[in-house]
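**Q** Got a structure for you, final.cif, holding mmCIF, C-alpha atoms.
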data_entry
loop_
_atom_site.label_atom_id
_atom_site.label_comp_id
_atom_site.auth_asym_id
_atom_site.auth_seq_id
_atom_site.Cartn_x
_atom_site.Cartn_y
_atom_site.Cartn_z
CA MET A 1 -35.75 -106.48 15.33
CA PRO A 2 -36.21 -110.27 15.84
CA ASN A 3 -37.23 -109.85 19.47
CA GLY A 4 -39.13 -106.60 19.05
CA VAL A 5 -38.25 -103.01 19.96
CA PRO A 6 -36.02 -102.79 23.07
CA SER A 7 -37.55 -101.23 26.16
CA ALA A 8 -36.80 -97.68 27.29
CA ASP A 9 -34.75 -99.12 30.18
CA THR A 10 -32.55 -101.02 27.73
CA PHE A 11 -31.89 -97.88 25.70
CA GLU A 12 -31.16 -95.98 28.89
CA ARG A 13 -28.52 -98.52 29.97
CA ILE A 14 -26.85 -98.30 26.54
CA TRP A 15 -26.64 -94.48 26.60
CA GLN A 16 -25.32 -94.56 30.17
CA ARG A 17 -22.47 -96.96 29.37
CA LEU A 18 -21.53 -95.81 25.87
CA ASP A 19 -18.25 -93.87 25.84
CA SER A 20 -19.41 -90.31 25.16
CA LYS A 21 -16.07 -89.11 23.71
CA GLU A 22 -15.95 -91.98 21.25
CA PHE A 23 -19.60 -91.44 20.38
CA LYS A 24 -18.87 -87.78 19.52
CA ARG A 25 -15.89 -88.87 17.39
CA SER A 26 -18.17 -91.26 15.51
CA PHE A 27 -20.68 -88.46 15.02
CA ARG A 28 -17.99 -86.19 13.53
CA ARG A 29 -16.83 -88.96 11.17
CA TRP A 30 -20.41 -89.41 10.05
CA THR A 31 -21.05 -85.69 9.45
CA GLU A 32 -17.84 -85.43 7.45
CA SER A 33 -18.98 -88.38 5.31
CA ILE A 34 -22.20 -86.66 4.24
CA ARG A 35 -21.07 -83.05 4.38
CA VAL A 36 -20.61 -81.09 1.16
CA LYS A 37 -17.60 -78.80 1.55
CA ILE A 38 -18.68 -75.26 0.60
CA ALA A 39 -16.05 -72.53 0.32
CA GLY A 40 -16.90 -69.58 2.54
CA GLU A 41 -19.62 -71.43 4.45
CA VAL A 42 -20.39 -69.96 7.85
CA ILE A 43 -19.79 -72.28 10.80
CA SER A 44 -21.40 -70.84 13.93
CA LYS A 45 -20.09 -71.78 17.34
CA ASP A 46 -22.30 -71.48 20.41
CA GLY A 47 -23.13 -73.32 23.62
CA LYS A 48 -26.39 -74.54 25.13
CA THR A 49 -27.11 -75.95 28.58
CA SER A 50 -29.46 -78.94 28.92
CA ARG A 51 -30.99 -77.64 32.15
CA GLY A 52 -32.86 -80.80 33.05
CA SER A 53 -29.65 -82.88 33.01
CA GLY A 54 -28.41 -81.39 36.28
CA ASP A 55 -29.49 -81.62 39.91
CA ASP A 56 -28.12 -80.80 43.36
CA GLU A 57 -25.34 -83.37 42.96
CA LYS A 58 -24.44 -82.93 39.29
CA LYS A 59 -24.05 -79.90 37.04
CA ALA A 60 -26.16 -79.72 33.91
CA VAL A 61 -24.43 -80.59 30.63
CA HIS A 62 -23.31 -77.57 28.60
CA MET A 63 -22.74 -78.57 24.96
CA VAL A 64 -20.71 -76.37 22.63
CA SER A 65 -21.67 -77.05 19.01
CA ALA A 66 -20.41 -76.05 15.57
CA TRP A 67 -23.34 -75.42 13.22
CA LEU A 68 -23.13 -75.54 9.41
CA SER A 69 -25.26 -72.57 8.40
CA GLU A 70 -26.10 -73.61 4.84
CA GLN A 71 -26.42 -77.35 5.38
CA LYS A 72 -28.38 -76.93 8.63
CA MET A 73 -26.63 -79.55 10.70
CA VAL A 74 -24.17 -79.86 13.57
CA LEU A 75 -20.63 -80.55 12.37
CA GLY A 76 -19.28 -81.45 15.81
CA GLN A 77 -19.71 -80.78 19.52
CA ILE A 78 -17.88 -80.86 22.82
CA ALA A 79 -19.32 -81.03 26.35
CA VAL A 80 -18.05 -78.80 29.16
CA PRO A 81 -19.01 -78.67 32.86
CA GLU A 82 -20.47 -75.15 32.60
CA LYS A 83 -20.70 -72.14 30.29
CA THR A 84 -17.49 -70.47 31.53
CA ASN A 85 -15.49 -73.47 30.30
CA GLU A 86 -16.29 -72.58 26.68
CA ILE A 87 -13.13 -70.48 26.49
CA THR A 88 -10.87 -73.51 26.82
CA ALA A 89 -13.19 -75.92 24.99
CA VAL A 90 -13.64 -73.97 21.76
CA PRO A 91 -9.99 -74.27 20.58
CA GLU A 92 -10.21 -78.02 21.19
CA LEU A 93 -13.42 -78.25 19.15
CA ILE A 94 -11.87 -76.25 16.31
CA LYS A 95 -8.87 -78.59 16.25
CA MET A 96 -11.20 -81.55 15.66
CA LEU A 97 -13.02 -80.06 12.67
CA ASP A 98 -12.25 -79.55 8.99
CA ILE A 99 -12.92 -75.80 8.71
CA GLY A 100 -10.44 -74.74 6.02
CA GLY A 101 -11.91 -72.06 3.75
CA CYS A 102 -14.92 -71.47 6.03
CA ILE A 103 -15.89 -68.53 8.24
CA ILE A 104 -16.13 -69.18 11.99
CA THR A 105 -18.58 -66.99 13.93
CA ALA A 106 -18.98 -66.77 17.69
CA ASP A 107 -20.21 -64.48 20.44
CA ALA A 108 -18.07 -62.28 22.66
CA MET A 109 -17.16 -65.07 25.09
CA SER A 110 -15.03 -66.58 22.30
CA CYS A 111 -13.17 -63.33 21.69
CA GLN A 112 -9.89 -64.90 22.84
CA LYS A 113 -6.42 -64.87 21.32
CA SER A 114 -6.11 -68.66 21.57
CA ILE A 115 -9.34 -69.14 19.60
CA VAL A 116 -8.55 -66.79 16.72
CA ALA A 117 -5.03 -68.25 16.52
CA GLU A 118 -6.47 -71.76 16.12
CA VAL A 119 -8.94 -70.57 13.45
CA ILE A 120 -6.12 -69.01 11.43
CA ARG A 121 -3.94 -72.10 11.89
CA LYS A 122 -6.76 -74.17 10.36
CA LYS A 123 -6.81 -71.76 7.35
CA ALA A 124 -10.25 -70.33 8.09
CA ASP A 125 -11.60 -66.82 8.72
CA TYR A 126 -13.45 -65.48 11.73
CA VAL A 127 -16.09 -62.95 12.77
CA ILE A 128 -16.33 -62.73 16.57
CA GLY A 129 -18.47 -60.48 18.75
CA LEU A 130 -16.80 -57.84 20.86
CA LYS A 131 -17.89 -56.78 24.35
CA GLY A 132 -16.48 -55.70 27.67
CA ASN A 133 -14.44 -58.86 28.26
CA GLN A 134 -11.91 -57.34 25.82
CA SER A 135 -12.15 -53.75 27.01
CA GLY A 136 -9.14 -52.50 25.02
CA LEU A 137 -10.48 -53.77 21.71
CA LEU A 138 -13.99 -52.55 22.49
CA GLU A 139 -12.78 -49.07 23.40
CA TYR A 140 -10.80 -48.88 20.16
CA ALA A 141 -13.83 -50.01 18.12
CA GLU A 142 -16.14 -47.47 19.78
CA LEU A 143 -13.69 -44.61 19.28
CA LEU A 144 -13.03 -45.67 15.68
CA TYR A 145 -16.68 -45.59 14.67
CA GLU A 146 -17.44 -42.51 16.76
CA GLY A 147 -14.80 -40.71 14.70
CA ILE A 148 -16.25 -42.10 11.45
CA ARG A 149 -19.76 -40.95 12.40
CA LYS A 150 -18.47 -37.43 13.08
CA ASP A 151 -16.34 -37.34 9.93
CA PRO A 152 -17.29 -40.00 7.31
CA GLY A 153 -14.17 -39.22 5.32
CA LEU A 154 -11.80 -39.69 8.24
CA TYR A 155 -11.02 -43.35 7.46
CA GLU A 156 -11.88 -45.71 4.65
CA VAL A 157 -14.98 -47.70 5.57
CA LYS A 158 -17.24 -50.05 3.62
CA SER A 159 -20.94 -50.43 4.36
CA ILE A 160 -24.05 -52.28 3.26
CA VAL A 161 -27.71 -51.96 4.33
CA THR A 162 -30.35 -54.68 4.75
CA HIS A 163 -34.10 -54.40 5.43
CA ASP A 164 -36.11 -57.07 7.25
CA LYS A 165 -39.77 -57.16 8.19
CA GLY A 166 -41.57 -59.72 10.31
CA HIS A 167 -43.05 -60.55 13.72
CA GLY A 168 -44.63 -57.11 13.91
CA ARG A 169 -41.46 -55.13 13.46
CA GLN A 170 -39.26 -53.65 10.79
CA GLU A 171 -35.47 -53.73 11.11
CA VAL A 172 -32.88 -51.80 9.15
CA ARG A 173 -29.31 -52.97 9.65
CA THR A 174 -26.25 -51.13 8.43
CA TYR A 175 -23.05 -53.19 8.36
CA TYR A 176 -19.69 -51.43 8.46
CA ILE A 177 -16.15 -52.70 8.15
CA SER A 178 -12.92 -50.71 8.54
CA THR A 179 -9.34 -51.86 8.11
CA GLU A 180 -8.03 -48.85 10.04
CA LEU A 181 -5.97 -50.56 12.74
CA SER A 182 -2.95 -48.25 12.92
CA GLY A 183 -3.91 -47.07 16.41
CA LEU A 184 -4.51 -50.57 17.76
CA HIS A 185 -1.30 -51.45 19.59
CA GLN A 186 -2.26 -55.07 20.28
CA GLN A 187 -3.12 -55.86 16.65
CA LYS A 188 -0.19 -58.31 16.27
CA GLU A 189 -1.39 -60.23 19.33
CA TRP A 190 -4.60 -61.19 17.48
CA LYS A 191 -3.70 -63.58 14.68
CA GLY A 192 -5.24 -62.72 11.33
CA LEU A 193 -7.00 -59.56 12.57
CA LYS A 194 -7.61 -57.34 9.54
CA ALA A 195 -10.66 -55.24 10.37
CA ILE A 196 -13.13 -54.01 12.95
CA GLY A 197 -16.80 -54.39 12.08
CA MET A 198 -19.91 -52.71 13.40
CA VAL A 199 -23.62 -53.35 12.95
CA HIS A 200 -26.10 -50.53 13.58
CA SER A 201 -29.65 -51.84 14.01
CA VAL A 202 -32.76 -49.65 13.94
CA ILE A 203 -35.87 -51.60 14.96
CA THR A 204 -39.35 -50.12 14.56
CA ASP A 205 -42.40 -51.66 16.18
CA ILE A 206 -44.99 -51.49 13.40
CA LYS A 207 -47.95 -51.33 15.79
CA THR A 208 -46.69 -48.77 18.32
CA GLY A 209 -44.11 -46.95 16.22
CA GLU A 210 -41.54 -47.34 19.00
CA VAL A 211 -37.95 -47.22 17.69
CA THR A 212 -34.93 -48.85 19.33
CA GLU A 213 -31.31 -48.71 18.22
CA ALA A 214 -28.33 -50.95 18.94
CA TYR A 215 -24.65 -50.99 18.04
CA ARG A 216 -22.65 -54.23 17.96
CA TYR A 217 -18.93 -54.55 17.32
CA TYR A 218 -16.81 -57.38 15.90
CA ILE A 219 -13.23 -58.36 15.19
CA THR A 220 -12.68 -60.14 11.90
CA SER A 221 -10.08 -61.52 9.52
CA LEU A 222 -12.36 -60.54 6.61
CA THR A 223 -12.12 -57.37 4.54
CA ASP A 224 -15.09 -58.00 2.25
CA ILE A 225 -18.23 -56.20 3.48
CA GLU A 226 -20.69 -58.67 1.92
CA ALA A 227 -18.93 -61.67 3.46
CA PHE A 228 -18.88 -59.90 6.84
CA ALA A 229 -22.59 -59.02 6.68
CA ARG A 230 -23.53 -62.56 5.63
CA ALA A 231 -21.49 -64.07 8.48
CA VAL A 232 -23.16 -61.82 11.07
CA ARG A 233 -26.65 -62.61 9.75
CA GLU A 234 -26.10 -66.35 9.52
CA HIS A 235 -24.55 -66.64 12.97
CA TRP A 236 -28.02 -66.36 14.52
CA GLY A 237 -29.09 -69.44 12.57
CA ILE A 238 -27.66 -71.61 15.34
CA GLU A 239 -30.21 -70.07 17.73
CA ALA A 240 -33.20 -70.39 15.40
CA SER A 241 -32.39 -73.68 13.67
CA LEU A 242 -30.66 -75.60 16.47
CA HIS A 243 -31.25 -74.24 19.97
CA HIS A 244 -34.87 -73.24 19.35
CA VAL A 245 -35.63 -76.65 17.82
CA LEU A 246 -33.99 -78.42 20.77
CA ASP A 247 -36.05 -76.36 23.22
CA VAL A 248 -39.41 -76.44 21.45
CA SER A 249 -39.52 -79.60 19.32
CA PHE A 250 -37.38 -81.85 21.54
CA GLN A 251 -38.12 -80.17 24.91
CA GLU A 252 -34.49 -80.75 25.85
CA ASP A 253 -34.61 -78.67 29.03
CA ALA A 254 -37.44 -80.84 30.37
CA SER A 255 -35.48 -84.07 29.92
CA LYS A 256 -34.48 -85.67 33.25
CA ILE A 257 -31.81 -87.96 31.75
CA ARG A 258 -28.92 -87.46 34.19
CA ARG A 259 -27.01 -90.67 34.92
CA ASP A 260 -23.45 -91.38 33.77
CA ASN A 261 -22.82 -90.70 30.04
CA ALA A 262 -26.50 -90.60 29.08
CA PRO A 263 -26.95 -86.75 29.03
CA ASP A 264 -23.92 -86.28 26.73
CA ASN A 265 -24.95 -89.09 24.42
CA MET A 266 -28.57 -87.98 24.21
CA ALA A 267 -27.46 -84.47 23.18
CA VAL A 268 -25.52 -86.03 20.29
CA ILE A 269 -28.49 -88.21 19.34
CA ARG A 270 -30.70 -85.11 19.16
CA HIS A 271 -28.15 -83.51 16.83
CA PHE A 272 -28.29 -86.59 14.64
CA VAL A 273 -32.08 -86.58 14.57
CA ILE A 274 -32.19 -82.91 13.53
CA ALA A 275 -30.00 -83.75 10.55
CA ALA A 276 -32.05 -86.84 9.71
CA LEU A 277 -35.34 -84.93 9.85
CA LYS A 278 -33.95 -82.38 7.42
CA TYR A 279 -33.81 -85.05 4.72
CA LEU A 280 -37.16 -86.60 5.52
CA PRO A 281 -38.98 -87.04 2.18
CA VAL A 282 -42.03 -84.79 2.70
CA ARG A 283 -43.89 -82.73 0.14
CA LYS A 284 -43.74 -79.36 1.91
CA ASN A 285 -40.55 -77.57 2.94
CA ASN A 286 -42.03 -75.74 5.94
CA VAL A 287 -43.01 -78.78 8.01
CA SER A 288 -41.77 -78.30 11.60
CA ALA A 289 -39.35 -80.70 13.27
CA ARG A 290 -42.02 -81.61 15.85
CA ARG A 291 -44.48 -82.59 13.14
CA LYS A 292 -41.81 -84.57 11.27
CA ARG A 293 -41.07 -86.55 14.42
CA LYS A 294 -44.77 -87.40 14.76
CA MET A 295 -44.88 -88.46 11.11
CA CYS A 296 -41.95 -90.84 11.68
CA GLY A 297 -43.59 -92.26 14.80
CA ARG A 298 -46.76 -93.05 12.86
CA ASN A 299 -45.07 -94.26 9.68
CA PRO A 300 -41.94 -96.45 10.24
CA ASP A 301 -41.42 -96.75 6.48
CA LEU A 302 -41.01 -92.98 6.22
CA LEU A 303 -38.48 -93.07 9.05
CA LEU A 304 -36.49 -95.82 7.32
CA GLN A 305 -36.38 -93.80 4.10
CA ALA A 306 -34.77 -90.88 5.90
CA LEU A 307 -32.31 -93.09 7.77
CA GLU A 308 -31.28 -95.00 4.66
CA LEU A 309 -30.62 -91.77 2.81
CA ILE A 310 -28.64 -90.01 5.52
CA LEU A 311 -26.64 -92.98 6.81
CA ALA A 312 -25.22 -93.94 3.41
CA PRO A 313 -22.13 -91.83 2.59
CA GLN A 314 -22.43 -92.80 -1.07
CA ASN A 315 -25.69 -90.87 -1.16
CA ALA A 316 -24.05 -87.60 -0.10
CA GLU A 317 -24.56 -86.08 -3.56
CA ALA A 318 -28.30 -86.70 -3.25
CA LEU A 319 -28.40 -84.63 -0.08
#
Would you give me this structure, written as structure tokens?

**A**
Amino acid sequence: MPNGVPSADTFERIWQRLDSKEFKRSFRRWTESIRVKIAGEVISKDGKTSRGSGDDEKKAVHMVSAWLSEQKMVLGQIAVPEKTNEITAVPELIKMLDIGGCIITADAMSCQKSIVAEVIRKKADYVIGLKGNQSGLLEYAELLYEGIRKDPGLYEVKSIVTHDKGHGRQEVRTYYISTELSGLHQQKEWKGLKAIGMVHSVITDIKTGEVTEAYRYYITSLTDIEAFARAVREHWGIEASLHHVLDVSFQEDASKIRRDNAPDNMAVIRHFVIAALKYLPVRKNNVSARRKRKMCGRNPDLLLQALELILAPQNAEAL
């Protein structure tokens, strides 16, 4: 810049005064300009609290984000006062996004009739976790698969098995999906509901030999077992590729940015940077986000290359 790089105080005043809702709208327009629409892509929805953004007088910002699993970037986000507000915020976020033909995944907090109805209205599918907040559905799912375990021929069920090994443990997951909903009286209340899914995980600690098991249940508009299994696996990408990066590489929880619109806007800026770092022209694919940030700090030309590539919509095919 002609007068040099602005001071940190100048940047702080800009982020405080910038309209955070308009800034998020601009972010969504930008992501849509570089996004490649992929049929059946998993879009994971989850929330994260920026713990350092709150104090005794102000609640910390809780940002609900939609994560593109294959393209590894945030498609859009919405801020809510606290985690419990996700239930009302998620339908609003879904309304803002182009999700037609995609698969929306979410945890049990989003197992709400208003949310699945909005997903179906937008011509998308869903795979949503099931826990005690929907006790009727959970009880039906548990009884359904208890009956199937006792008598495998009782109802038609599809299954697929995956094997994973890493971090000192071996995990075998069996994915099940059943379209047997004749005993579910509230089926019509859940738009698009076509099946109940279950994942049985058996985890073995390689060093100690200790074995743990877990059963997780889902409601879904899918009937294809491979699509269901892929959606469940890729949902956790938002934890590993977004939330973990924000915590470790950006140290988001340690940030003390709290005034006015600055916490909201900084959360969006971090989402932008994660996408920009993805396209940083480096030789190796396994370079961490923290190291990439250091590389950009030491080499402004490298930073400009990434920004020029990702900011130009006409270069979307190159991404």

**Q** Which residues fall under the PyMOL selection byres ((chain A and resi 276) around 10) in this file, as a PyMOL selection string?

**A** chain A and resi 73+270-275+277-280+303+305-311

**Q** Hey, what comes out of the PyMOL selection byres ((chain A and resi 101) around 9) on this file? Could you write it as a count of residues only?

**A** 12

**Q** What separation in Å, quoted to one decimal, exists between CA of Asn85 in chain A and CA of Tyr140 in chain A?

**A**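 CA of Tyr140 in chain A lies 27.0 Å from CA of Asn85 in chain A.
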
**Q** If the PyMOL selection byres ((chain A and resi 265) around 8) is run on the structure shown, which residues does it catch, given as a list in words?

**A**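 Taken on the displayed file, the PyMOL selection byres ((chain A and resi 265) around 8) yields the residues Trp15, Gln16, Leu18, Ser20, Phe23, Lys24, Asn261, Ala262, Pro263, Asp264, Met266, Ala267, Val268 and Ile269 of chain A.
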
**Q** Hey, can you spit out that residue selection with C-alpha atoms as a JSON list (two decimals), in the frame of the given file?

**A**
[["chain", "number", "residue", "atom", "x", "y", "z"],
["A", 15, "TRP", "CA", -26.64, -94.48, 26.60],
["A", 16, "GLN", "CA", -25.32, -94.56, 30.17],
["A", 18, "LEU", "CA", -21.53, -95.81, 25.87],
["A", 20, "SER", "CA", -19.41, -90.31, 25.16],
["A", 23, "PHE", "CA", -19.60, -91.44, 20.38],
["A", 24, "LYS", "CA", -18.87, -87.78, 19.52],
["A", 261, "ASN", "CA", -22.82, -90.70, 30.04],
["A", 262, "ALA", "CA", -26.50, -90.60, 29.08],
["A", 263, "PRO", "CA", -26.95, -86.75, 29.03],
["A", 264, "ASP", "CA", -23.92, -86.28, 26.73],
["A", 266, "MET", "CA", -28.57, -87.98, 24.21],
["A", 267, "ALA", "CA", -27.46, -84.47, 23.18],
["A", 268, "VAL", "CA", -25.52, -86.03, 20.29],
["A", 269, "ILE", "CA", -28.49, -88.21, 19.34]]

**Q** With distances taken over all atoms listed in the file, which residue among A:Ile120, A:Ile257, A:Val127, A:Val245 lies nearest Arg230 in chain A?

**A**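 The answer is A:Val127, which sits nearest to Arg230 in chain A.
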
**Q** I want to know what sits within 9 Å of Tyr175 in chain A, based on only C-alpha atoms, with residues of the same chain fewer than 4 positions away left out; could you give that as a short mmCIF file (atom, residue, chain, number, x, y, z; two decimals) with C-alpha atoms, in the frame of the given file?

**A**
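Output contents, as saved in result.cif:
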data_model
loop_
_atom_site.label_atom_id
_atom_site.label_comp_id
_atom_site.auth_asym_id
_atom_site.auth_seq_id
_atom_site.Cartn_x
_atom_site.Cartn_y
_atom_site.Cartn_z
CA LYS A 158 -17.24 -50.05 3.62
CA SER A 159 -20.94 -50.43 4.36
CA ILE A 160 -24.05 -52.28 3.26
CA VAL A 161 -27.71 -51.96 4.33
CA THR A 162 -30.35 -54.68 4.75
CA GLY A 197 -16.80 -54.39 12.08
CA MET A 198 -19.91 -52.71 13.40
CA VAL A 199 -23.62 -53.35 12.95
CA HIS A 200 -26.10 -50.53 13.58
CA SER A 201 -29.65 -51.84 14.01
CA ILE A 225 -18.23 -56.20 3.48
CA GLU A 226 -20.69 -58.67 1.92
CA PHE A 228 -18.88 -59.90 6.84
CA ALA A 229 -22.59 -59.02 6.68
#

**Q** Go through A:Tyr126, A:Phe11, A:Tyr155, A:Tyr215 and flag the residue nearest Lys191 in chain A, using only C-alpha atoms for the distances.

**A** A:Tyr126

**Q** What is the CA of Val116 in chain A to CA of Lys188 in chain A distance in Å?

**A**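 The value is 11.9 Å.
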
**Q** Using all atoms listed in the file, what table do you get, as a Markdown table, when you list each residue of range 165-252 of chain A with an atom no more than 12 Å from range 49-62 of chain A, its nearest pair of atoms, and their distance in Å rounded to one decimal, rows by chain then rising number?

**A**
| residue | atom | partner | partner_atom | distance |
| --- | --- | --- | --- | --- |
| A:His243 | CA | A:Thr49 | CA | 9.7 |
| A:Leu246 | CA | A:Ser50 | CA | 9.3 |
| A:Asp247 | CA | A:Ser50 | CA | 9.1 |
| A:Phe250 | CA | A:Ser50 | CA | 11.2 |
| A:Gln251 | CA | A:Ser50 | CA | 9.6 |
| A:Glu252 | CA | A:Ser50 | CA | 6.2 |

**Q** Counting only C-alpha atoms, what is within 10 Å of Lys165 in chain A, bar same-chain residues fewer than 5 positions away, as a VMD selection string?

**A** chain A and resid 170 to 172 203 to 204 206

**Q** If we count all atoms listed in the file, what is near Gln112 in chain A at a cut-off of 10 Å, once residues fewer than 3 positions away on the same chain are taken out, given as an NGL selection string?

**A** :A and (87-88 or 90-91 or 108-109 or 115-117 or 128 or 133-134 or 190)

**Q** Can those selected residues be exported to a file as an mmCIF file, in the frame of the given file so that it contains C-alpha atoms?

**A**
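In the end it all went to selection-v8.cif:
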data_model
loop_
_atom_site.group_PDB
_atom_site.id
_atom_site.type_symbol
_atom_site.label_atom_id
_atom_site.label_comp_id
_atom_site.auth_asym_id
_atom_site.auth_seq_id
_atom_site.Cartn_x
_atom_site.Cartn_y
_atom_site.Cartn_z
ATOM 1 C CA ILE A 87 -13.130 -70.480 26.490
ATOM 2 C CA THR A 88 -10.870 -73.510 26.820
ATOM 3 C CA VAL A 90 -13.640 -73.970 21.760
ATOM 4 C CA PRO A 91 -9.990 -74.270 20.580
ATOM 5 C CA ALA A 108 -18.070 -62.280 22.660
ATOM 6 C CA MET A 109 -17.160 -65.070 25.090
ATOM 7 C CA ILE A 115 -9.340 -69.140 19.600
ATOM 8 C CA VAL A 116 -8.550 -66.790 16.720
ATOM 9 C CA ALA A 117 -5.030 -68.250 16.520
ATOM 10 C CA ILE A 128 -16.330 -62.730 16.570
ATOM 11 C CA ASN A 133 -14.440 -58.860 28.260
ATOM 12 C CA GLN A 134 -11.910 -57.340 25.820
ATOM 13 C CA TRP A 190 -4.600 -61.190 17.480
#

**Q** List every protein, DNA or RNA residue that has at least one atom no more than 12 Å from (-17.6, -84.2, 5.9) in the file's coordinates, counting all atoms listed in the file, and write the result as a ChimeraX atom specification.

**A** /A:26-38,68,71,73-76,96-100,313,316-317

**Q** Those selected residues, please, written with C-alpha atoms and delivered as a PDB file, in the coordinates of the input.

**A**
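The result, stored in out-v2.pdb:
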ATOM      1  CA  SER A  26     -18.170 -91.260  15.510  1.00  0.00           C
ATOM      2  CA  PHE A  27     -20.680 -88.460  15.020  1.00  0.00           C
ATOM      3  CA  ARG A  28     -17.990 -86.190  13.530  1.00  0.00           C
ATOM      4  CA  ARG A  29     -16.830 -88.960  11.170  1.00  0.00           C
ATOM      5  CA  TRP A  30     -20.410 -89.410  10.050  1.00  0.00           C
ATOM      6  CA  THR A  31     -21.050 -85.690   9.450  1.00  0.00           C
ATOM      7  CA  GLU A  32     -17.840 -85.430   7.450  1.00  0.00           C
ATOM      8  CA  SER A  33     -18.980 -88.380   5.310  1.00  0.00           C
ATOM      9  CA  ILE A  34     -22.200 -86.660   4.240  1.00  0.00           C
ATOM     10  CA  ARG A  35     -21.070 -83.050   4.380  1.00  0.00           C
ATOM     11  CA  VAL A  36     -20.610 -81.090   1.160  1.00  0.00           C
ATOM     12  CA  LYS A  37     -17.600 -78.800   1.550  1.00  0.00           C
ATOM     13  CA  ILE A  38     -18.680 -75.260   0.600  1.00  0.00           C
ATOM     14  CA  LEU A  68     -23.130 -75.540   9.410  1.00  0.00           C
ATOM     15  CA  GLN A  71     -26.420 -77.350   5.380  1.00  0.00           C
ATOM     16  CA  MET A  73     -26.630 -79.550  10.700  1.00  0.00           C
ATOM     17  CA  VAL A  74     -24.170 -79.860  13.570  1.00  0.00           C
ATOM     18  CA  LEU A  75     -20.630 -80.550  12.370  1.00  0.00           C
ATOM     19  CA  GLY A  76     -19.280 -81.450  15.810  1.00  0.00           C
ATOM     20  CA  MET A  96     -11.200 -81.550  15.660  1.00  0.00           C
ATOM     21  CA  LEU A  97     -13.020 -80.060  12.670  1.00  0.00           C
ATOM     22  CA  ASP A  98     -12.250 -79.550   8.990  1.00  0.00           C
ATOM     23  CA  ILE A  99     -12.920 -75.800   8.710  1.00  0.00           C
ATOM     24  CA  GLY A 100     -10.440 -74.740   6.020  1.00  0.00           C
ATOM     25  CA  PRO A 313     -22.130 -91.830   2.590  1.00  0.00           C
ATOM     26  CA  ALA A 316     -24.050 -87.600  -0.100  1.00  0.00           C
ATOM     27  CA  GLU A 317     -24.560 -86.080  -3.560  1.00  0.00           C
TER      28      GLU A 317
END

**Q** Any idea what the distance is between CA of Glu142 in chain A and CA of Thr174 in chain A?

**A** 15.6 Å
